[in-house]
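*Asks:* Structure file entry_20.txt, compact mmCIF, C-alpha atoms, is pasted below:
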# COMPACT_ATOMS: atom_id res chain seq x y z
CA MET Y 1 0.00 0.00 0.00
CA ALA Y 2 1.36 3.41 -1.00
CA TYR Y 3 0.26 6.72 0.49
CA GLY Y 4 1.25 10.37 0.40
CA GLU Y 5 0.26 13.89 1.36
CA VAL Y 6 1.27 17.36 0.22
CA ALA Y 7 0.63 20.58 2.17
CA TYR Y 8 1.03 24.23 1.23
CA GLN Y 9 0.92 27.38 3.37
CA SER Y 10 0.22 30.91 2.16
CA VAL Y 11 3.71 32.05 3.19
CA GLY Y 12 5.08 29.96 0.35
CA ALA Y 13 6.01 26.88 2.34
CA TRP Y 14 5.61 23.34 1.09
CA ALA Y 15 5.64 20.00 2.89
CA ALA Y 16 5.30 16.44 1.65
CA MET Y 17 5.10 13.02 3.22
CA GLN Y 18 5.03 9.77 1.27
CA GLY Y 19 5.45 6.13 2.15
CA ILE Y 20 4.78 2.51 1.33
CA ASP Y 21 3.82 -0.55 3.39
CA VAL Y 22 4.76 -3.97 2.00
CA ASP Y 23 3.29 -7.22 3.27
CA LEU Y 24 6.09 -9.79 3.06
CA GLY Y 25 3.83 -12.66 4.06
CA ASN Y 26 3.61 -14.80 7.21
CA GLY Y 27 3.19 -11.71 9.38
CA ASN Y 28 6.34 -10.00 8.06
CA MET Y 29 6.02 -6.29 7.19
CA LEU Y 30 8.20 -3.57 5.69
CA SER Y 31 7.40 0.15 6.01
CA ILE Y 32 9.24 3.06 4.38
CA ALA Y 33 8.19 6.69 4.83
CA GLY Y 34 9.88 9.91 3.74
CA ARG Y 35 9.21 13.52 4.74
CA THR Y 36 10.25 16.93 3.48
CA PHE Y 37 9.29 20.14 5.29
CA GLY Y 38 10.07 23.53 3.80
CA LYS Y 39 12.13 26.06 5.71
CA ARG Y 40 9.09 28.20 6.57
CA TYR Y 41 6.60 25.37 7.13
CA TYR Y 42 5.15 25.55 10.67
CA PRO Y 43 1.81 23.72 11.11
CA LEU Y 44 -0.29 24.71 14.11
CA TYR Y 45 -2.64 21.73 14.22
CA GLN Y 46 -2.13 18.03 13.58
CA ASN Y 47 1.64 18.36 13.51
CA PRO Y 48 3.27 15.67 11.36
CA TYR Y 49 5.93 13.38 12.75
CA SER Y 50 9.32 15.05 13.05
CA THR Y 51 12.46 14.84 15.15
CA ALA Y 52 13.13 18.54 15.73
CA SER Y 53 10.91 20.69 17.95
CA LYS Y 54 9.89 22.60 14.80
CA GLN Y 55 9.12 20.87 11.52
CA GLY Y 56 10.43 23.71 9.33
CA GLY Y 57 13.53 22.75 7.38
CA GLU Y 58 13.58 19.05 8.22
CA ASN Y 59 14.06 16.11 5.86
CA GLY Y 60 14.02 12.51 6.89
CA ILE Y 61 13.26 8.90 6.12
CA TYR Y 62 11.86 6.15 8.33
CA ILE Y 63 12.31 2.43 7.71
CA GLY Y 64 10.53 -0.20 9.82
CA LEU Y 65 10.70 -3.98 9.59
CA GLN Y 66 8.91 -6.82 11.36
CA VAL Y 67 10.02 -10.40 10.73
CA SER Y 68 9.71 -13.79 12.40
CA PRO Y 69 12.99 -15.64 11.72
CA ALA Y 70 12.04 -18.62 13.91
CA ALA Y 71 9.04 -20.10 15.64
CA ARG Y 72 7.82 -17.98 18.58
CA THR Y 73 10.42 -15.30 17.78
CA ILE Y 74 9.54 -11.81 16.50
CA VAL Y 75 12.02 -9.11 15.50
CA ASN Y 76 10.90 -5.47 15.25
CA ALA Y 77 13.45 -2.97 13.94
CA ASN Y 78 13.25 0.62 12.79
CA VAL Y 79 15.58 3.49 11.97
CA ASN Y 80 14.81 7.18 11.50
CA VAL Y 81 17.44 9.23 9.64
CA PHE Y 82 16.93 13.00 9.68
CA GLN Y 83 18.50 16.33 8.76
CA HIS Y 84 17.22 19.74 9.86
CA ARG Y 85 18.29 23.38 9.99
CA TRP Y 86 17.42 24.04 13.61
CA LEU Y 87 18.94 22.83 16.82
CA LEU Y 88 17.45 23.27 20.29
CA TYR Y 89 16.20 26.74 21.25
CA GLN Y 90 15.79 27.72 17.56
CA LYS Y 91 19.51 27.86 16.95
CA TYR Y 92 20.44 27.95 13.29
CA ALA Y 93 22.85 25.08 12.84
CA PRO Y 94 22.28 22.50 10.09
CA THR Y 95 22.49 19.15 11.86
CA ASN Y 96 21.76 15.51 11.19
CA GLY Y 97 21.41 12.27 13.06
CA TYR Y 98 19.52 9.03 13.38
CA LYS Y 99 17.52 7.02 15.89
CA GLY Y 100 17.26 3.25 15.80
CA ARG Y 101 15.67 0.45 17.77
CA VAL Y 102 15.74 -3.35 17.59
CA THR Y 103 13.45 -5.52 19.73
CA ILE Y 104 13.70 -9.32 19.76
CA THR Y 105 10.92 -11.18 21.59
CA HIS Y 106 10.83 -14.93 22.13
CA ASN Y 107 7.83 -16.74 23.61
CA PHE Y 108 9.01 -19.86 25.43
CA SER Y 109 5.37 -20.53 26.25
CA ARG Y 110 2.14 -18.61 26.85
CA ASN Y 111 3.40 -17.77 30.35
CA SER Y 112 7.10 -17.17 29.71
CA ILE Y 113 8.46 -14.38 27.48
CA LEU Y 114 11.99 -13.04 26.98
CA SER Y 115 12.60 -9.66 25.32
CA PHE Y 116 15.83 -7.96 24.23
CA LYS Y 117 15.78 -4.30 23.20
CA PHE Y 118 18.58 -2.16 21.77
CA ARG Y 119 18.16 1.59 21.21
CA ILE Y 120 20.53 4.21 19.82
CA ASN Y 121 20.27 7.98 19.44
CA ASP Y 122 23.12 9.51 17.45
CA ARG Y 123 22.85 13.19 16.49
CA ASP Y 124 24.46 16.62 16.58
CA ASP Y 125 23.94 18.65 19.74
CA ALA Y 126 25.16 21.82 21.37
CA SER Y 127 28.18 21.51 23.62
CA PRO Y 128 27.22 21.61 27.34
CA THR Y 129 30.09 24.03 27.97
CA ASN Y 130 29.79 26.18 24.83
CA ASN Y 131 26.35 26.59 23.22
CA LYS Y 132 27.92 27.96 20.03
CA GLN Y 133 29.84 24.74 19.44
CA ILE Y 134 28.15 21.69 17.87
CA GLU Y 135 29.27 18.24 19.01
CA ARG Y 136 28.23 14.70 18.18
CA MET Y 137 26.16 12.97 20.85
CA ARG Y 138 25.41 9.25 21.15
CA ARG Y 139 23.21 7.47 23.68
CA THR Y 140 22.79 3.69 23.57
CA SER Y 141 20.64 1.42 25.69
CA LEU Y 142 20.56 -2.36 26.13
CA LYS Y 143 17.54 -3.74 27.98
CA LEU Y 144 16.65 -7.32 28.88
CA THR Y 145 13.17 -8.19 30.17
CA TYR Y 146 11.76 -11.52 31.29
CA TRP Y 147 8.10 -12.16 32.12
CA LEU Y 148 6.94 -15.26 33.98
CA LYS Y 149 3.34 -16.07 34.88
CA PRO Y 150 3.18 -19.49 36.55
CA ASN Y 151 -0.57 -19.20 37.19
CA ASN Y 152 -3.48 -16.76 36.96
CA LEU Y 153 -2.78 -15.30 40.40
CA LEU Y 154 0.96 -14.63 40.29
CA SER Y 155 3.37 -13.00 37.81
CA PHE Y 156 7.03 -11.93 37.81
CA LYS Y 157 8.93 -9.37 35.75
CA THR Y 158 12.73 -9.03 35.73
CA GLU Y 159 14.51 -6.13 34.02
CA ALA Y 160 18.15 -5.24 33.47
CA GLU Y 161 19.26 -2.18 31.50
CA LYS Y 162 22.64 -0.71 30.58
CA ILE Y 163 23.01 2.85 29.21
CA HIS Y 164 26.09 4.48 27.73
CA PHE Y 165 26.39 8.17 26.82
CA LYS Y 166 29.18 9.83 24.86
CA GLN Y 167 29.66 13.43 23.72
CA ALA Y 168 33.12 14.68 22.78
CA ASP Y 169 35.33 13.83 25.77
CA GLN Y 170 32.42 13.28 28.17
CA ARG Y 171 31.27 9.75 28.94
CA SER Y 172 28.86 8.35 31.48
CA ASP Y 173 27.06 5.07 32.17
CA GLY Y 174 23.85 4.00 33.79
CA PHE Y 175 22.65 0.65 35.13
CA TRP Y 176 19.26 -0.61 36.31
CA LEU Y 177 18.20 -3.94 37.80
CA SER Y 178 14.68 -4.60 39.07
CA GLU Y 179 12.30 -7.35 40.07
CA GLU Y 180 8.53 -6.89 40.03
CA VAL Y 181 5.93 -9.24 41.55
CA ALA Y 182 2.17 -8.99 41.06
CA THR Y 183 -0.52 -11.12 42.63
CA LYS Y 184 -4.31 -11.35 42.97
CA MET Y 185 -6.23 -12.78 45.91
CA LEU Y 186 -9.74 -13.11 47.32
CA ASN Y 187 -11.36 -13.77 43.95
CA ASN Y 188 -9.56 -10.78 42.41
CA LYS Y 189 -10.94 -8.41 45.06
CA LEU Y 190 -7.39 -7.73 46.25
CA SER Y 191 -4.40 -7.15 43.98
CA PHE Y 192 -0.87 -6.32 45.04
CA ASN Y 193 2.21 -5.21 43.12
CA ILE Y 194 5.72 -4.58 44.39
CA GLN Y 195 8.90 -3.53 42.59
CA LEU Y 196 12.43 -3.61 44.01
CA ALA Y 197 15.28 -2.03 42.06
CA HIS Y 198 18.91 -0.96 42.17
CA PHE Y 199 20.12 1.91 39.99
CA ASP Y 200 23.47 3.56 39.30
CA ALA Y 201 23.51 6.48 36.83
CA GLN Y 202 26.61 8.63 36.73
CA SER Y 203 25.03 11.75 35.19
CA TYR Y 204 21.84 13.31 33.85
CA ASP Y 205 22.72 12.15 30.35
CA SER Y 206 22.82 8.50 31.43
CA ARG Y 207 19.74 8.72 33.67
CA ILE Y 208 17.39 5.75 33.99
CA PHE Y 209 13.72 5.91 33.01
CA ALA Y 210 11.60 3.35 34.86
CA ASN Y 211 8.04 2.16 34.34
CA GLN Y 212 6.35 1.82 37.71
CA PRO Y 213 2.94 0.65 38.94
CA ASP Y 214 0.64 3.49 39.98
CA VAL Y 215 -2.95 4.30 40.94
CA LEU Y 216 -5.86 4.24 38.49
CA TYR Y 217 -5.66 6.61 35.46
CA SER Y 218 -2.08 7.51 36.36
CA MET Y 219 1.24 6.46 34.86
CA ALA Y 220 4.60 6.83 36.56
CA MET Y 221 7.80 6.93 34.51
CA PRO Y 222 10.32 8.91 36.57
CA SER Y 223 14.03 9.14 35.88
CA TYR Y 224 16.78 8.35 38.37
CA ILE Y 225 20.26 9.85 38.67
CA GLY Y 226 22.90 8.71 41.11
CA ARG Y 227 23.27 5.44 43.00
CA GLY Y 228 20.63 3.95 45.22
CA VAL Y 229 17.80 1.48 45.78
CA LEU Y 230 14.09 1.79 45.13
CA SER Y 231 10.92 0.05 46.28
CA VAL Y 232 7.45 0.72 44.90
CA ALA Y 233 4.32 -0.98 46.20
CA SER Y 234 0.71 -0.61 45.11
CA ALA Y 235 -2.45 -2.36 46.18
CA CYS Y 236 -6.09 -2.32 45.12
CA ILE Y 237 -8.93 -3.63 47.24
CA SER Y 238 -12.64 -3.82 46.44
CA PRO Y 239 -14.51 -4.15 49.75
CA LEU Y 240 -17.82 -3.62 47.96
CA SER Y 241 -18.88 -4.20 44.38
CA ALA Y 242 -19.19 -0.44 43.83
CA VAL Y 243 -16.07 0.67 45.77
CA ASP Y 244 -12.40 0.37 44.74
CA ILE Y 245 -9.51 1.70 46.83
CA TRP Y 246 -5.89 2.12 45.65
CA LEU Y 247 -2.86 2.65 47.87
CA TRP Y 248 0.55 3.49 46.37
CA CYS Y 249 3.88 3.96 48.13
CA ARG Y 250 7.41 4.61 46.85
CA TYR Y 251 10.63 4.67 48.86
CA VAL Y 252 13.98 5.65 47.36
CA LYS Y 253 17.34 5.69 49.11
CA TYR Y 254 20.46 7.35 47.66
CA TYR Y 255 23.99 6.41 48.64
CA ASP Y 256 25.82 9.29 46.95
CA ARG Y 257 23.98 12.44 48.09
CA ASP Y 258 22.48 14.24 51.07
CA THR Y 259 19.92 16.32 49.16
CA ILE Y 260 17.15 15.21 46.79
CA SER Y 261 15.57 17.20 43.96
CA SER Y 262 15.95 20.98 43.59
CA GLY Y 263 14.04 24.23 43.92
CA TYR Y 264 10.82 24.11 45.94
CA THR Y 265 10.85 20.30 46.05
CA GLN Y 266 14.39 19.99 47.45
CA ILE Y 267 14.77 18.17 50.75
CA ASP Y 268 17.87 17.72 52.91
CA ALA Y 269 17.92 13.94 53.15
CA SER Y 270 19.26 10.88 51.40
CA HIS Y 271 15.90 9.08 51.29
CA LYS Y 272 12.34 9.97 50.34
CA THR Y 273 8.90 8.40 50.70
CA ASP Y 274 5.82 9.20 48.58
CA VAL Y 275 2.29 7.96 49.29
CA LYS Y 276 -0.92 8.13 47.23
CA LEU Y 277 -4.45 7.12 48.17
CA GLN Y 278 -7.28 6.94 45.65
CA ALA Y 279 -10.89 5.75 45.92
CA ARG Y 280 -13.50 5.16 43.25
CA ILE Y 281 -17.22 4.85 43.93
CA LYS Y 282 -19.47 3.63 41.14
CA LEU Y 283 -22.84 5.38 41.12
CA ARG Y 284 -25.67 3.24 39.83
CA TYR Y 285 -29.26 4.09 39.11
CA TRP Y 286 -32.35 2.06 38.41
CA ARG Y 287 -34.21 2.59 35.18
CA ARG Y 288 -37.81 1.47 34.83
CA PRO Y 289 -38.05 -1.01 31.95
CA GLN Y 290 -40.18 0.15 29.06
CA THR Y 291 -43.34 -1.82 28.42
CA GLN Y 292 -44.51 -2.61 24.97
CA GLN Y 293 -47.88 -1.17 24.01
CA LYS Y 294 -50.46 -3.55 22.73
CA ASN Y 295 -52.04 -2.78 19.41
Rewrite the coordinates I just gave you, this time as structure tokens.

*Replies:*
Amino acid sequence: MAYGEVAYQSVGAWAAMQGIDVDLGNGNMLSIAGRTFGKRYYPLYQNPYSTASKQGGENGIYIGLQVSPAARTIVNANVNVFQHRWLLYQKYAPTNGYKGRVTITHNFSRNSILSFKFRINDRDDASPTNNKQIERMRRTSLKLTYWLKPNNLLSFKTEAEKIHFKQADQRSDGFWLSEEVATKMLNNKLSFNIQLAHFDAQSYDSRIFANQPDVLYSMAMPSYIGRGVLSVASACISPLSAVDIWLWCRYVKYYDRDTISSGYTQIDASHKTDVKLQARIKLRYWRRPQTQQKN
């Protein structure tokens, strides 16, 4: 399937996107998409996909591939190569780069899954010491995840991630290791989730982003810098059919600092505890059934 779109603005700016999706059979897919945005092209609504904060002056191509080289094994890979006139903070500096990701997932069984993910971000960036100087930046990530669900009431998730950052003469590394356990009890009226983790990130550039359990309609993905341990626990109980209660608690302990955060949220301590409590009450009403009229 081929597709494309062309846009024009009254200031004399053009933009075009075109692509093709190819079904390779047996669940294998290939996608290729190209984009070209004129120098003065700045859409206000329904912004198209781009790498820079402003679309104007960017060219790029995206290639995605999904294949199954062996039984129960799926490989998803994509790369996005781009070139644009603007750097951060609207600085005029023609730059280029690419982002890539490879994910290999193997299903040992319905209840046992192993996933390997590799990500790379290689692009031009402003020097942290001299904003007028452009340097090459590279950030790579290796992540291994294993899910195990021995039964319908218990599940385990193990994660290990290694991050490496390089820019000019600056280098830093980050490491994350976590174990997550989830369980359901009392005919699913009580669910409990706990995550224990160790992290060691040398700088902001090699910080660790972590997915964490949270309360309803909320998603937690904080980043961690420094060296420490983390524990996150959440529970949901339904004492009545119309009442659900969530309790969430996070404790983090740092081994390399005596202050946490900055500004108004800064505290003079090496550990911090956060607690959330949420309740949901379902309101029901009775509606009189309609009776059919006899002819």

*Asks:* Can you work out the spacing between CA of Ile281 (chain Y) and CA of Ser218 (chain Y) in Å, to one decimal?

*Replies:* 17.1 Å

*Asks:* With only C-alpha atoms as the atoms that count, which of Y:Ala126, Y:Ile134, Y:Val81, Y:Tyr146 lies nearest to Ile104 (chain Y)?

*Replies:* Y:Tyr146

*Asks:* Under the rule that only C-alpha atoms are counted, which of Y:Pro128, Y:Ser155, Y:Ser68, Y:Leu186 is the nearest residue to Asn111 (chain Y)?

*Replies:* Y:Ser155

*Asks:* Name all residues at most 12 Å from Thr51 (chain Y) (count all atoms listed in the file; drop same-chain ones fewer than 4 positions away) and give them as a PDB file with C-alpha atoms, keeping the file's coordinate frame.

*Replies:*
ATOM      1  CA  ARG Y  35       9.210  13.520   4.740  1.00  0.00           C
ATOM      2  CA  PHE Y  37       9.290  20.140   5.290  1.00  0.00           C
ATOM      3  CA  ASN Y  47       1.640  18.360  13.510  1.00  0.00           C
ATOM      4  CA  GLN Y  55       9.120  20.870  11.520  1.00  0.00           C
ATOM      5  CA  GLY Y  56      10.430  23.710   9.330  1.00  0.00           C
ATOM      6  CA  GLY Y  57      13.530  22.750   7.380  1.00  0.00           C
ATOM      7  CA  GLU Y  58      13.580  19.050   8.220  1.00  0.00           C
ATOM      8  CA  ASN Y  59      14.060  16.110   5.860  1.00  0.00           C
ATOM      9  CA  GLY Y  60      14.020  12.510   6.890  1.00  0.00           C
ATOM     10  CA  ILE Y  61      13.260   8.900   6.120  1.00  0.00           C
ATOM     11  CA  TYR Y  62      11.860   6.150   8.330  1.00  0.00           C
ATOM     12  CA  ASN Y  80      14.810   7.180  11.500  1.00  0.00           C
ATOM     13  CA  VAL Y  81      17.440   9.230   9.640  1.00  0.00           C
ATOM     14  CA  PHE Y  82      16.930  13.000   9.680  1.00  0.00           C
ATOM     15  CA  GLN Y  83      18.500  16.330   8.760  1.00  0.00           C
ATOM     16  CA  HIS Y  84      17.220  19.740   9.860  1.00  0.00           C
ATOM     17  CA  ARG Y  85      18.290  23.380   9.990  1.00  0.00           C
ATOM     18  CA  TRP Y  86      17.420  24.040  13.610  1.00  0.00           C
ATOM     19  CA  LEU Y  87      18.940  22.830  16.820  1.00  0.00           C
ATOM     20  CA  LEU Y  88      17.450  23.270  20.290  1.00  0.00           C
ATOM     21  CA  THR Y  95      22.490  19.150  11.860  1.00  0.00           C
ATOM     22  CA  ASN Y  96      21.760  15.510  11.190  1.00  0.00           C
ATOM     23  CA  GLY Y  97      21.410  12.270  13.060  1.00  0.00           C
ATOM     24  CA  TYR Y  98      19.520   9.030  13.380  1.00  0.00           C
ATOM     25  CA  LYS Y  99      17.520   7.020  15.890  1.00  0.00           C
ATOM     26  CA  ASN Y 121      20.270   7.980  19.440  1.00  0.00           C
ATOM     27  CA  ARG Y 123      22.850  13.190  16.490  1.00  0.00           C
TER      28      ARG Y 123
END

*Asks:* Could you pull the residues within 10 Å of region 137-141 of chain Y, counting all atoms listed in the file, minus those fewer than 5 positions along the same chain, as a count of residues only?

*Replies:* 33

*Asks:* Rounded to one decimal in Å, what is the spacing between CA of Pro43 (chain Y) and CA of Gln9 (chain Y)?

*Replies:*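 Calculated distance between CA of Pro43 (chain Y) and CA of Gln9 (chain Y) is 8.6 Å.
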
*Asks:* Suppose you want the space between CA of Gln18 (chain Y) and CA of Leu30 (chain Y); what is it in Å?

*Replies:*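 So the two atoms, CA of Gln18 (chain Y) and CA of Leu30 (chain Y), lie 14.4 Å apart.
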
*Asks:* Please give the centre and size of the box around region 163-170 of chain Y (axis-aligned, containing every atom listed in the file, 5 Å added per side), with values in Å to one decimal and written as AutoDock Vina command-line options.

*Replies:*
--center_x 29.2 --center_y 8.8 --center_z 26.0 --size_x 22.3 --size_y 21.8 --size_z 16.4

*Asks:* Give as number ranges by chain each residue that has an atom at most 6 Å from (0.2, 0.6, 0.5) in the file, counting only C-alpha atoms.

*Replies:* Y: 1-2, 20-21

*Asks:* Which of these residues is nearest to Ala279 (chain Y), using all atoms listed in the file: Y:Val232, Y:Val22, Y:Ile260, Y:Leu216?

*Replies:* Y:Leu216

*Asks:* Using only C-alpha atoms, can you tell me which of Y:Arg257, Y:Arg136, Y:Lys143, Y:Arg250 comes closest to Phe209 (chain Y)?

*Replies:* Y:Lys143
